[in-house]
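Q: Quick one: the structure is below, and I'll ask about it shortly.
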Protein chains: 2
Amino acid sequence: MEQLKAIERAVENISKLPSIGKKSAERLTYALLSMKEEDVEELLSSISDLHKVIHQCKICFNLSEDELCPICKNNERDHSQIMVVSYPKDVLAFEKIGEYSGVYHVLGGVIAPNKGVSIEDLNISSLIERIKSNDIKEVIIATNPTIEGETTGLYLAKKLEEYNVAVTRLAYGLQIGASLDYADSLTLTRALEGRIKI
Amino acid sequence: MEQLKAIERAVENISKLPSIGKKSAERLTYALLSMKEEDVEELLSSISDLHKVIHQCKICFNLSEDELCPICKNNERDHSQIMVVSYPKDVLAFEKIGEYSGVYHVLGGVIAPNKGVSIEDLNISSLIERIKSNDIKEVIIATNPTIEGETTGLYLAKKLEEYNVAVTRLAYGLQIGASLDYADSLTLTRALEGRIKI
């Protein structure tokens with residue numbers, strides 16, 4: 001049986017989302033079809049708003065609804081301590097455990113030549129500018145414990161040697177090869193506490 | 001940290017979808033944020049079209065873009081054999097294995113008094129009309145092998161006793177308690193072949 005075109009199209013698009021296979025996409029499509037139209041509309045409008053309302057923070061490149069994100073605007077945070085992460089979701093992972101009171105810098109990815117991501121594509125020069133023009137005491141490198149994340153971290157550490165700033169990385173309580181935002185709170189806390197100087 | 005409102009709203013809506021928890025919804029939201037805007041638009045428009053383009057077939061209540069679904073319109077199918085299923089996705093499950101050449105009747109649910117679904121809410125009277133006004137030889141009851149599905153099937157079998165039609169149900173190769181559209185092709189084929197008279 002050929003599936004209806006409208007269903008095929010929705011299944012195809014939904015299965016492009018990460019960790020959603022063909023079968024899940026089909027189930028989701030049929031679920032969407034059986035949902036009330038107003039609920040579907042609310043879902044779609046909230047997704048559509050994401051791109052309209054959310055931009056990058058001018059300072060740290062975290063996601064923000066305003067020019068500056070709530071963390072960069074917060075005077076109670078320690079602005080002399082910058083944690084460097086790859087993605088906005090990594091900021092969320094650390095904010096959830098509430099153990100970190102410094103600020104962030106979101107690189108926007110990792111160095112991955114095979115995927116066409118080079119050093120220039122990451123927010124590195126802006127990080128160096130921040131270090132140069134502010135009194136930054138510590139940079140905590142918190143890229144994912146993957147080969148690409150490690151490479152990016154090591155490159156950054158090398159790059160920051162010439163500045164008067166302590167460079168540390170998260171301790172390995174993290175499982176090598178895993179993704180930072182899948183780690184549980186305890187692991188993240190341990191990794192933060194045990195951070196070492198690079 | 002409080003999440004951005006736009007993100008919170010998207011996460012909340014996405015986590016309402018079946019089998020998507022809070023953490024998956026968060027990952028999907030961040031994935032949507034990092035997708036190209038045109039890809040997000042295509043995704044949203046395909047979902048939005050589902051409700052606009054797809055209706056119920058006038059005869060069998062399967063999903064259809066036209067007044068009649070492709071199965072009811074198909075003269076090569078055996079229109080004297082009706083398989084009664086609960087949901088449109090169950091039609092898809094059987095059509096995928098290509099072993100059934102009859103037609104369908106979609107009830108639109110199962111009898112579930114605790115969820116406020118009663119006999120009148122299901123497409124039962126239309127099924128009886130089909131049996132009365134056409135030369136129907138067999139009705140195959142293929143409701144899910146759950147308590148509610150069984151109850152619905154038994155009710156139907158009782159109801160159809162007074163008509164000159166063979167009523168069968170799928171053999172139990174199906175796992176009791178599981179959902180029909182999760183079953184693999186072989187299980188579905190066996191269940192169809194071994195169907196018994198109720």
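Lettering and numbering for the structure tokens are positional, with chains as A, B, ... in the shown order, residues counted from 1 in each chain, and ligands counted from 1 in the shown order.
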Using backbone DSSP assignments, extract all strand (DSSP E or B) residues from segment 44-126 of chain B; output them as a list of chain:residue names.

A: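 Residues meeting the strand (DSSP E or B) criterion: B:His55, B:Gln56, B:Leu63, B:Ser64, B:Asp78, B:His79, B:Ser80, B:Gln81, B:Ile82, B:Met83, B:Val84, B:Val85, B:Gly102, B:Val103, B:Tyr104, B:His105, B:Val106, B:Ala112, B:Val117.
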
Q: Taking N, CA, C and O atoms for each residue, export the selection above as a compact mmCIF listing (two decimals), in the first residue's frame.

A:
# COMPACT_ATOMS: atom_id res chain seq x y z
N HIS B 55 -8.63 13.35 5.66
CA HIS B 55 -9.97 13.17 6.23
C HIS B 55 -10.22 11.69 6.41
O HIS B 55 -9.35 10.88 6.14
N GLN B 56 -11.45 11.36 6.80
CA GLN B 56 -11.80 9.95 6.94
C GLN B 56 -12.49 9.45 5.68
O GLN B 56 -13.32 10.16 5.11
N LEU B 63 -7.86 6.77 7.01
CA LEU B 63 -7.44 8.10 6.59
C LEU B 63 -7.38 8.17 5.07
O LEU B 63 -7.01 7.22 4.40
N SER B 64 -7.75 9.33 4.54
CA SER B 64 -7.81 9.47 3.09
C SER B 64 -7.66 10.92 2.69
O SER B 64 -8.02 11.82 3.43
N ASP B 78 -10.68 -7.61 -2.32
CA ASP B 78 -11.88 -8.41 -2.07
C ASP B 78 -12.80 -7.63 -1.13
O ASP B 78 -12.57 -7.57 0.08
N HIS B 79 -13.86 -7.07 -1.72
CA HIS B 79 -14.73 -6.22 -0.92
C HIS B 79 -15.74 -7.02 -0.09
O HIS B 79 -16.59 -6.43 0.58
N SER B 80 -15.65 -8.36 -0.15
CA SER B 80 -16.58 -9.17 0.67
C SER B 80 -15.92 -9.56 1.99
O SER B 80 -16.51 -10.28 2.80
N GLN B 81 -14.69 -9.13 2.19
CA GLN B 81 -13.94 -9.48 3.40
C GLN B 81 -13.53 -8.17 4.09
O GLN B 81 -12.80 -7.37 3.52
N ILE B 82 -14.03 -7.97 5.29
CA ILE B 82 -13.74 -6.72 6.01
C ILE B 82 -12.91 -7.01 7.26
O ILE B 82 -13.32 -7.80 8.10
N MET B 83 -11.76 -6.37 7.37
CA MET B 83 -10.99 -6.47 8.61
C MET B 83 -11.30 -5.26 9.48
O MET B 83 -11.15 -4.12 9.04
N VAL B 84 -11.75 -5.52 10.70
CA VAL B 84 -12.12 -4.43 11.60
C VAL B 84 -10.93 -4.12 12.51
O VAL B 84 -10.48 -4.99 13.27
N VAL B 85 -10.42 -2.91 12.43
CA VAL B 85 -9.31 -2.50 13.30
C VAL B 85 -9.74 -1.30 14.14
O VAL B 85 -10.75 -0.66 13.85
N GLY B 102 -8.34 -8.04 1.39
CA GLY B 102 -9.70 -7.56 1.61
C GLY B 102 -9.72 -6.08 1.88
O GLY B 102 -8.76 -5.36 1.57
N VAL B 103 -10.81 -5.61 2.46
CA VAL B 103 -10.92 -4.19 2.81
C VAL B 103 -10.96 -4.05 4.33
O VAL B 103 -10.84 -5.04 5.05
N TYR B 104 -11.09 -2.83 4.82
CA TYR B 104 -11.02 -2.57 6.26
C TYR B 104 -12.25 -1.84 6.76
O TYR B 104 -13.03 -1.29 6.00
N HIS B 105 -12.37 -1.82 8.09
CA HIS B 105 -13.30 -0.90 8.74
C HIS B 105 -12.61 -0.40 10.01
O HIS B 105 -12.20 -1.21 10.86
N VAL B 106 -12.43 0.90 10.12
CA VAL B 106 -11.71 1.47 11.25
C VAL B 106 -12.70 1.95 12.31
O VAL B 106 -13.50 2.85 12.05
N ALA B 112 -13.97 1.88 26.08
CA ALA B 112 -13.18 2.17 27.28
C ALA B 112 -13.97 3.14 28.16
O ALA B 112 -13.78 4.34 28.09
N VAL B 117 -15.06 6.46 26.43
CA VAL B 117 -15.34 5.99 25.07
C VAL B 117 -16.37 4.86 25.16
O VAL B 117 -16.10 3.80 25.72

Q: Residues of chain A within 8 Å of chain B, counting only C-alpha atoms - could you list those as an mmCIF file with N, CA, C and O atoms, in the first residue's frame?

A:
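What landed in part02.cif:
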data_model
loop_
_atom_site.group_PDB
_atom_site.id
_atom_site.type_symbol
_atom_site.label_atom_id
_atom_site.label_comp_id
_atom_site.auth_asym_id
_atom_site.auth_seq_id
_atom_site.Cartn_x
_atom_site.Cartn_y
_atom_site.Cartn_z
ATOM 1 N N MET A 1 0.854 -1.202 0.000
ATOM 2 C CA MET A 1 0.000 0.000 0.000
ATOM 3 C C MET A 1 0.877 1.235 0.000
ATOM 4 O O MET A 1 1.859 1.333 0.730
ATOM 5 N N GLN A 3 1.420 4.853 1.125
ATOM 6 C CA GLN A 3 0.874 5.728 2.161
ATOM 7 C C GLN A 3 0.412 7.027 1.527
ATOM 8 O O GLN A 3 0.873 7.403 0.459
ATOM 9 N N LEU A 4 -0.509 7.690 2.186
ATOM 10 C CA LEU A 4 -0.954 8.993 1.698
ATOM 11 C C LEU A 4 0.251 9.914 1.643
ATOM 12 O O LEU A 4 1.116 9.880 2.509
ATOM 13 N N ALA A 6 0.596 13.093 2.139
ATOM 14 C CA ALA A 6 0.743 14.030 3.260
ATOM 15 C C ALA A 6 1.375 13.322 4.461
ATOM 16 O O ALA A 6 2.182 13.909 5.187
ATOM 17 N N ILE A 7 1.023 12.068 4.649
ATOM 18 C CA ILE A 7 1.588 11.304 5.767
ATOM 19 C C ILE A 7 3.054 10.983 5.500
ATOM 20 O O ILE A 7 3.914 11.172 6.357
ATOM 21 N N ARG A 9 5.118 12.619 3.737
ATOM 22 C CA ARG A 9 5.924 13.833 3.843
ATOM 23 C C ARG A 9 6.202 14.161 5.315
ATOM 24 O O ARG A 9 7.325 14.471 5.693
ATOM 25 N N ALA A 10 5.183 14.050 6.151
ATOM 26 C CA ALA A 10 5.375 14.334 7.580
ATOM 27 C C ALA A 10 6.333 13.314 8.194
ATOM 28 O O ALA A 10 7.242 13.679 8.941
ATOM 29 N N ASN A 13 9.912 14.095 7.203
ATOM 30 C CA ASN A 13 10.465 15.258 7.909
ATOM 31 C C ASN A 13 10.721 14.967 9.386
ATOM 32 O O ASN A 13 11.745 15.367 9.940
ATOM 33 N N ILE A 14 9.794 14.270 10.015
ATOM 34 C CA ILE A 14 9.953 13.973 11.442
ATOM 35 C C ILE A 14 11.126 13.022 11.661
ATOM 36 O O ILE A 14 11.874 13.158 12.630
ATOM 37 N N LEU A 17 14.689 14.278 12.449
ATOM 38 C CA LEU A 17 15.084 14.751 13.777
ATOM 39 C C LEU A 17 16.001 13.720 14.432
ATOM 40 O O LEU A 17 15.876 12.528 14.174
ATOM 41 N N PRO A 18 16.918 14.181 15.282
ATOM 42 C CA PRO A 18 17.877 13.240 15.860
ATOM 43 C C PRO A 18 17.201 12.188 16.731
ATOM 44 O O PRO A 18 16.258 12.496 17.451
ATOM 45 N N ARG A 27 4.638 6.633 14.145
ATOM 46 C CA ARG A 27 3.772 6.684 15.332
ATOM 47 C C ARG A 27 3.465 8.122 15.702
ATOM 48 O O ARG A 27 2.331 8.456 16.054
ATOM 49 N N LEU A 28 4.484 8.986 15.630
ATOM 50 C CA LEU A 28 4.268 10.395 15.955
ATOM 51 C C LEU A 28 3.294 11.032 14.968
ATOM 52 O O LEU A 28 2.426 11.804 15.358
ATOM 53 N N THR A 29 3.444 10.686 13.692
ATOM 54 C CA THR A 29 2.554 11.265 12.685
ATOM 55 C C THR A 29 1.097 10.886 12.958
ATOM 56 O O THR A 29 0.204 11.738 12.926
ATOM 57 N N TYR A 30 0.873 9.598 13.245
ATOM 58 C CA TYR A 30 -0.498 9.183 13.539
ATOM 59 C C TYR A 30 -1.002 9.806 14.841
ATOM 60 O O TYR A 30 -2.181 10.137 14.967
ATOM 61 N N ALA A 31 -0.097 9.995 15.790
ATOM 62 C CA ALA A 31 -0.491 10.661 17.035
ATOM 63 C C ALA A 31 -0.897 12.100 16.745
ATOM 64 O O ALA A 31 -1.892 12.601 17.265
ATOM 65 N N LEU A 32 -0.115 12.771 15.887
ATOM 66 C CA LEU A 32 -0.432 14.160 15.534
ATOM 67 C C LEU A 32 -1.786 14.237 14.841
ATOM 68 O O LEU A 32 -2.570 15.155 15.061
ATOM 69 N N LEU A 33 -2.062 13.231 14.008
ATOM 70 C CA LEU A 33 -3.340 13.194 13.294
ATOM 71 C C LEU A 33 -4.515 13.017 14.236
ATOM 72 O O LEU A 33 -5.620 13.482 13.962
ATOM 73 N N GLU A 37 -6.925 19.724 16.827
ATOM 74 C CA GLU A 37 -6.251 20.652 15.926
ATOM 75 C C GLU A 37 -5.625 21.818 16.698
ATOM 76 O O GLU A 37 -4.550 22.290 16.355
ATOM 77 N N VAL A 40 -2.279 20.791 18.131
ATOM 78 C CA VAL A 40 -1.247 20.733 17.086
ATOM 79 C C VAL A 40 -0.783 22.150 16.754
ATOM 80 O O VAL A 40 0.411 22.412 16.630
ATOM 81 N N GLU A 41 -1.743 23.065 16.650
ATOM 82 C CA GLU A 41 -1.382 24.453 16.327
ATOM 83 C C GLU A 41 -0.476 25.066 17.394
ATOM 84 O O GLU A 41 0.475 25.765 17.084
ATOM 85 N N GLU A 42 -0.796 24.810 18.646
ATOM 86 C CA GLU A 42 0.037 25.328 19.737
ATOM 87 C C GLU A 42 1.448 24.738 19.664
ATOM 88 O O GLU A 42 2.443 25.453 19.815
ATOM 89 N N LEU A 43 1.533 23.448 19.379
ATOM 90 C CA LEU A 43 2.844 22.794 19.225
ATOM 91 C C LEU A 43 3.634 23.450 18.098
ATOM 92 O O LEU A 43 4.797 23.834 18.267
ATOM 93 N N LEU A 44 2.976 23.614 16.940
ATOM 94 C CA LEU A 44 3.678 24.164 15.781
ATOM 95 C C LEU A 44 4.090 25.613 16.023
ATOM 96 O O LEU A 44 5.197 26.018 15.668
ATOM 97 N N SER A 46 4.744 27.027 18.849
ATOM 98 C CA SER A 46 5.849 27.122 19.810
ATOM 99 C C SER A 46 7.178 26.757 19.147
ATOM 100 O O SER A 46 8.216 27.329 19.460
ATOM 101 N N ILE A 47 7.149 25.825 18.201
ATOM 102 C CA ILE A 47 8.383 25.466 17.490
ATOM 103 C C ILE A 47 8.786 26.586 16.539
ATOM 104 O O ILE A 47 9.952 26.970 16.446
ATOM 105 N N SER A 48 7.797 27.130 15.878
ATOM 106 C CA SER A 48 8.072 28.202 14.931
ATOM 107 C C SER A 48 8.638 29.438 15.643
ATOM 108 O O SER A 48 9.514 30.136 15.126
ATOM 109 N N ASP A 49 8.142 29.685 16.848
ATOM 110 C CA ASP A 49 8.628 30.835 17.633
ATOM 111 C C ASP A 49 10.088 30.696 18.045
ATOM 112 O O ASP A 49 10.783 31.694 18.236
ATOM 113 N N LEU A 50 10.541 29.450 18.195
ATOM 114 C CA LEU A 50 11.925 29.238 18.631
ATOM 115 C C LEU A 50 12.876 30.076 17.793
ATOM 116 O O LEU A 50 13.695 30.833 18.317
ATOM 117 N N HIS A 51 12.759 29.936 16.478
ATOM 118 C CA HIS A 51 13.688 30.643 15.598
ATOM 119 C C HIS A 51 13.417 32.133 15.562
ATOM 120 O O HIS A 51 14.315 32.928 15.328
ATOM 121 N N VAL A 53 12.138 34.061 18.101
ATOM 122 C CA VAL A 53 12.330 34.768 19.368
ATOM 123 C C VAL A 53 13.750 34.629 19.912
ATOM 124 O O VAL A 53 14.253 35.492 20.610
ATOM 125 N N ILE A 54 14.400 33.538 19.545
ATOM 126 C CA ILE A 54 15.670 33.228 20.207
ATOM 127 C C ILE A 54 16.878 33.554 19.332
ATOM 128 O O ILE A 54 16.933 33.198 18.163
ATOM 129 N N SER A 64 19.404 33.324 23.754
ATOM 130 C CA SER A 64 18.860 34.420 24.528
ATOM 131 C C SER A 64 17.663 35.025 23.809
ATOM 132 O O SER A 64 17.595 35.015 22.589
ATOM 133 N N GLU A 65 16.720 35.535 24.587
ATOM 134 C CA GLU A 65 15.620 36.262 23.955
ATOM 135 C C GLU A 65 15.981 37.739 23.810
ATOM 136 O O GLU A 65 15.405 38.460 23.022
ATOM 137 N N PRO A 88 24.774 25.340 23.328
ATOM 138 C CA PRO A 88 23.874 25.918 24.334
ATOM 139 C C PRO A 88 23.281 24.869 25.274
ATOM 140 O O PRO A 88 23.085 25.138 26.454
ATOM 141 N N LYS A 89 23.002 23.667 24.767
ATOM 142 C CA LYS A 89 22.400 22.651 25.637
ATOM 143 C C LYS A 89 23.350 22.241 26.764
ATOM 144 O O LYS A 89 22.923 21.749 27.799
ATOM 145 N N LEU A 92 22.746 24.519 29.610
ATOM 146 C CA LEU A 92 21.558 24.060 30.334
ATOM 147 C C LEU A 92 21.900 22.922 31.282
ATOM 148 O O LEU A 92 21.462 22.904 32.440
ATOM 149 N N GLU A 95 23.598 24.440 34.266
ATOM 150 C CA GLU A 95 22.712 25.309 35.034
ATOM 151 C C GLU A 95 21.719 24.501 35.855
ATOM 152 O O GLU A 95 21.325 24.894 36.944
ATOM 153 N N LYS A 96 21.346 23.357 35.330
ATOM 154 C CA LYS A 96 20.385 22.512 36.030
ATOM 155 C C LYS A 96 20.904 22.044 37.378
ATOM 156 O O LYS A 96 20.130 21.864 38.307
ATOM 157 N N GLY A 98 23.081 23.646 39.230
ATOM 158 C CA GLY A 98 23.207 24.816 40.101
ATOM 159 C C GLY A 98 24.491 24.880 40.897
ATOM 160 O O GLY A 98 24.544 25.491 41.964
#

Q: Go through B:Ile128, B:Ile59, B:Cys72, B:Leu170 and flag the residue nearest Thr143 of chain B, using only C-alpha atoms for the distances.

A: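 Closest to Thr143 of chain B of all the choices is B:Leu170.
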
Q: Which polymer residues have any atom within 12 Å of an atom of Tyr155 of chain B, counting only C-alpha atoms, with same-chain residues fewer than 3 positions away left out, as a VMD selection string?

A: chain B and resid 110 to 111 118 to 119 122 124 141 143 148 to 152 158 to 161 167 198
